[in-house]
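See below for input_18.csv, which holds CSV, C-alpha atoms and all ligand atoms.
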```
chain,number,residue,atom,x,y,z
E,1,MET,CA,-23.4,-3.6,7.1
E,2,TYR,CA,-25.7,-6.4,6.4
E,3,GLN,CA,-22.9,-8.8,5.3
E,4,LYS,CA,-21.6,-9.2,8.8
E,5,GLN,CA,-24.8,-9.9,10.5
E,6,ASP,CA,-26.1,-12.2,7.8
E,7,ILE,CA,-23.1,-14.4,7.3
E,8,ALA,CA,-24.9,-17.3,9.1
E,9,LYS,CA,-28.0,-16.8,6.8
E,10,ARG,CA,-25.9,-17.0,3.6
E,11,GLY,CA,-25.7,-20.8,3.7
E,12,THR,CA,-24.3,-22.2,0.5
E,13,LEU,CA,-24.6,-19.0,-1.5
E,14,THR,CA,-21.5,-17.0,-2.3
E,15,ARG,CA,-21.2,-13.6,-1.0
E,16,ALA,CA,-21.9,-12.1,-4.4
E,17,GLU,CA,-25.0,-14.2,-5.0
E,18,TYR,CA,-26.3,-13.5,-1.5
E,19,SER,CA,-25.6,-9.8,-1.9
E,20,ARG,CA,-27.5,-9.7,-5.2
E,21,LEU,CA,-30.5,-11.5,-3.7
E,22,TYR,CA,-30.4,-9.1,-0.7
E,23,ARG,CA,-30.4,-6.1,-3.0
E,24,LEU,CA,-33.4,-7.5,-5.0
E,25,LYS,CA,-35.4,-8.2,-1.9
E,26,ASN,CA,-34.6,-4.8,-0.2
E,27,ARG,CA,-34.6,-2.6,-3.2
E,28,SER,CA,-36.9,0.1,-2.0
E,29,ARG,CA,-35.3,0.2,1.5
E,30,LEU,CA,-31.9,0.5,0.0
E,31,ARG,CA,-33.0,3.2,-2.4
E,32,GLU,CA,-34.4,5.2,0.6
E,33,TYR,CA,-31.2,4.6,2.5
E,34,GLY,CA,-29.1,5.8,-0.5
E,35,LYS,CA,-31.2,9.0,-0.8
E,36,GLN,CA,-30.7,9.7,2.9
E,37,TRP,CA,-27.0,9.2,2.6
E,38,GLU,CA,-26.8,11.4,-0.4
E,39,MET,CA,-28.5,14.2,1.4
E,40,LEU,CA,-26.4,13.9,4.5
E,41,ASN,CA,-23.3,13.6,2.5
E,42,HIS,CA,-24.2,16.6,0.4
E,43,GLU,CA,-24.5,18.7,3.5
E,44,HIS,CA,-21.2,17.3,4.7
E,45,MET,CA,-19.4,18.1,1.5
E,46,LEU,CA,-20.8,21.7,1.5
E,47,ILE,CA,-19.4,22.3,4.9
E,48,ARG,CA,-16.1,20.9,3.9
E,49,ALA,CA,-16.0,22.9,0.7
E,50,ARG,CA,-16.7,26.1,2.7
E,51,ALA,CA,-14.0,25.4,5.2
E,52,TRP,CA,-11.6,24.6,2.3
E,53,LYS,CA,-12.3,27.9,0.6
E,54,GLN,CA,-11.7,29.9,3.8
E,55,LYS,CA,-8.4,28.1,4.3
E,56,ASP,CA,-5.3,30.2,3.7
E,57,TYR,CA,-4.4,27.6,1.0
E,58,TRP,CA,-6.0,29.9,-1.6
E,59,LYS,CA,-3.9,32.9,-0.4
E,60,ASP,CA,-0.8,31.2,-1.6
E,61,PRO,CA,-1.3,27.8,-3.2
E,62,GLU,CA,2.3,27.6,-4.3
E,63,LYS,CA,3.5,27.7,-0.7
E,64,TYR,CA,1.4,24.6,0.0
E,65,ARG,CA,2.7,22.8,-3.0
E,66,ARG,CA,6.2,23.7,-2.1
E,67,LYS,CA,5.7,22.5,1.5
E,68,ARG,CA,4.3,19.2,0.2
E,69,ARG,CA,7.2,18.7,-2.1
E,70,GLU,CA,9.6,19.4,0.7
E,71,ARG,CA,7.8,17.0,3.0
E,72,TYR,CA,8.1,14.3,0.3
E,73,LYS,CA,11.7,15.1,-0.3
E,74,ASN,CA,12.7,15.0,3.3
E,75,ASN,CA,10.8,11.8,4.0
E,76,ARG,CA,11.3,10.1,0.6
E,77,GLU,CA,12.4,6.8,2.2
E,78,HIS,CA,9.3,6.7,4.3
E,79,TYR,CA,7.0,7.4,1.4
E,80,LEU,CA,8.7,4.9,-0.8
E,81,PHE,CA,8.4,2.3,1.9
E,82,LYS,CA,4.6,3.1,2.2
E,83,VAL,CA,4.2,2.6,-1.5
E,84,HIS,CA,6.1,-0.7,-1.6
E,85,VAL,CA,4.3,-2.1,1.4
E,86,ARG,CA,0.9,-1.1,0.1
E,87,TYR,CA,1.6,-2.8,-3.2
E,88,TYR,CA,2.8,-6.0,-1.5
E,89,ALA,CA,0.0,-6.0,1.1
E,90,LYS,CA,-2.5,-6.0,-1.8
E,91,LYS,CA,-0.7,-8.9,-3.5
E,92,ALA,CA,0.1,-11.2,-0.6
E,93,GLY,CA,0.1,-9.5,2.7
E,94,THR,CA,3.0,-8.3,4.6
E,95,ASP,CA,4.3,-7.9,8.1
E,96,LEU,CA,7.4,-6.0,7.3
E,97,THR,CA,7.6,-2.9,9.4
E,98,GLU,CA,9.5,0.3,8.5
E,99,GLU,CA,11.8,-0.3,11.5
E,100,GLN,CA,12.7,-3.7,10.2
E,101,TRP,CA,13.3,-2.4,6.7
E,102,GLY,CA,15.6,0.3,8.2
E,103,ALA,CA,17.5,-2.4,10.2
E,104,ILE,CA,17.9,-4.6,7.1
E,105,LYS,CA,19.4,-1.7,5.1
E,106,LYS,CA,21.7,-0.9,8.0
E,107,ALA,CA,22.8,-4.5,8.2
E,108,TYR,CA,23.8,-4.4,4.6
E,109,HIS,CA,25.6,-1.1,5.1
E,110,PHE,CA,23.1,0.6,2.8
E,111,ALA,CA,24.5,-1.3,-0.2
E,112,CYS,CA,22.8,-3.5,-2.7
E,113,ALA,CA,22.8,-7.1,-1.6
E,114,TYR,CA,23.5,-8.3,-5.2
E,115,CYS,CA,26.2,-6.0,-6.6
E,116,GLY,CA,27.2,-4.1,-3.5
E,117,ALA,CA,26.6,-0.7,-5.1
E,118,LYS,CA,26.3,2.1,-2.6
E,119,GLY,CA,24.6,5.4,-2.8
E,120,LEU,CA,21.8,4.2,-5.0
E,121,ARG,CA,18.2,4.1,-4.0
E,122,LEU,CA,17.5,0.7,-2.5
E,123,SER,CA,14.3,-1.2,-3.2
E,124,ILE,CA,12.7,-4.0,-1.3
E,125,GLU,CA,13.8,-7.3,-2.9
E,126,HIS,CA,12.3,-10.7,-2.1
E,127,VAL,CA,14.9,-13.5,-1.9
E,128,VAL,CA,12.1,-16.0,-2.6
E,129,PRO,CA,10.0,-14.2,-5.2
E,130,VAL,CA,6.3,-13.4,-4.3
E,131,SER,CA,5.3,-15.4,-7.4
E,132,ARG,CA,6.9,-18.5,-5.8
E,133,GLY,CA,5.2,-18.0,-2.5
E,134,GLY,CA,7.9,-15.7,-0.9
E,135,LYS,CA,6.5,-13.5,1.8
E,136,THR,CA,7.1,-9.8,2.4
E,137,THR,CA,8.6,-10.6,5.8
E,138,ALA,CA,11.9,-9.5,7.3
E,139,SER,CA,13.6,-12.9,6.7
E,140,ASN,CA,12.8,-12.8,3.0
E,141,ILE,CA,13.9,-9.2,2.3
E,142,VAL,CA,17.2,-7.8,1.1
E,143,PRO,CA,17.9,-4.4,-0.2
E,144,ALA,CA,18.6,-4.2,-3.9
E,145,CYS,CA,19.5,-1.4,-6.2
E,146,MET,CA,17.1,-0.6,-9.1
E,147,PRO,CA,19.1,-2.3,-11.8
E,148,CYS,CA,19.6,-5.5,-9.8
E,149,ASN,CA,15.9,-5.5,-8.9
E,150,ALA,CA,14.9,-5.1,-12.5
E,151,ARG,CA,17.3,-7.7,-13.7
E,152,LYS,CA,16.0,-10.4,-11.5
E,153,SER,CA,12.9,-11.7,-13.2
E,154,ASP,CA,10.7,-14.6,-12.3
E,155,LYS,CA,12.2,-16.9,-14.8
E,156,GLU,CA,15.9,-16.3,-14.2
E,157,PRO,CA,17.8,-16.7,-11.0
E,158,PRO,CA,19.8,-13.6,-10.0
E,159,LEU,CA,23.2,-13.3,-11.8
E,160,ILE,CA,24.9,-12.7,-8.5
E,161,PRO,CA,23.4,-14.6,-5.6
E,162,ALA,CA,22.2,-12.4,-2.7
E,163,LYS,CA,24.6,-12.2,0.1
E,164,ARG,CA,22.1,-12.9,2.8
E,165,LEU,CA,22.8,-11.9,6.3
E,166,LEU,CA,21.3,-13.6,9.2
E,167,LEU,CA,19.2,-11.1,11.0
U,1,ZN,ZN,22.7,-4.0,-7.4
```
What would you get if you wrote out this structure as structure tokens?
Ligand SMILES: [Zn+2]
Amino acid sequence: MYQKQDIAKRGTLTRAEYSRLYRLKNRSRLREYGKQWEMLNHEHMLIRARAWKQKDYWKDPEKYRRKRRERYKNNREHYLFKVHVRYYAKKAGTDLTEEQWGAIKKAYHFACAYCGAKGLRLSIEHVVPVSRGGKTTASNIVPACMPCNARKSDKEPPLIPAKRLLL
């Protein structure tokens, strides 16, 4: 909102300082704005709640839960990838795509890059750890089973070095 258009006016103030000043100066206007938003939002929520009540969800909630569980089960790899990437994106940013992750796992024949175990759930493992500036990018990622992933801490190098493939 105001932050974008006022960046030039901010000068030497940090965003937080400027934002506090702005709120002080525009207190009444912001309060008015907040009230309006609340009213609009209240209406909006009522409409949504009504629609939700009419939905056939309530006829058989268990069916919906079952469907959701099934969706998760059938796309577990996809959901796990989403969770991983969201986590790393928050930490350091990532440009790893789900396609790349799929290709990496395939290149390793769906086996752990450290111990070679197959048939275990594979996690995204950074060859250069994030804590040492490693990026979540295809060239720094290998698949690792959970035990290998857990064993490799920031302090200790991996017991078995990763068999890196050139992708
Ligand atoms: Zn392993």
Students should find that atom CA of Glu125 of chain E and atom CA of Thr94 of chain E are spaced 13.2 Å
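For ligand ZN 1 (chain U), the protein and nucleic acid residues at most 9 Å away, judged by all atoms listed in the file, amount to Ala111, Cys112, Ala113, Tyr114, Cys115, Gly116, Ala117, Lys118, Leu120, Leu122, Pro143, Ala144, Cys145, Met146, Pro147, Cys148 and Asn149 of chain E.
The two atoms in question, atom CA of Glu77 of chain E and atom CA of Ser131 of chain E, are spaced 25.2 Å apart.
Distance-wise, atom CA of Asn41 of chain E and atom CA of Trp58 of chain E end up 24.1 Å apart.
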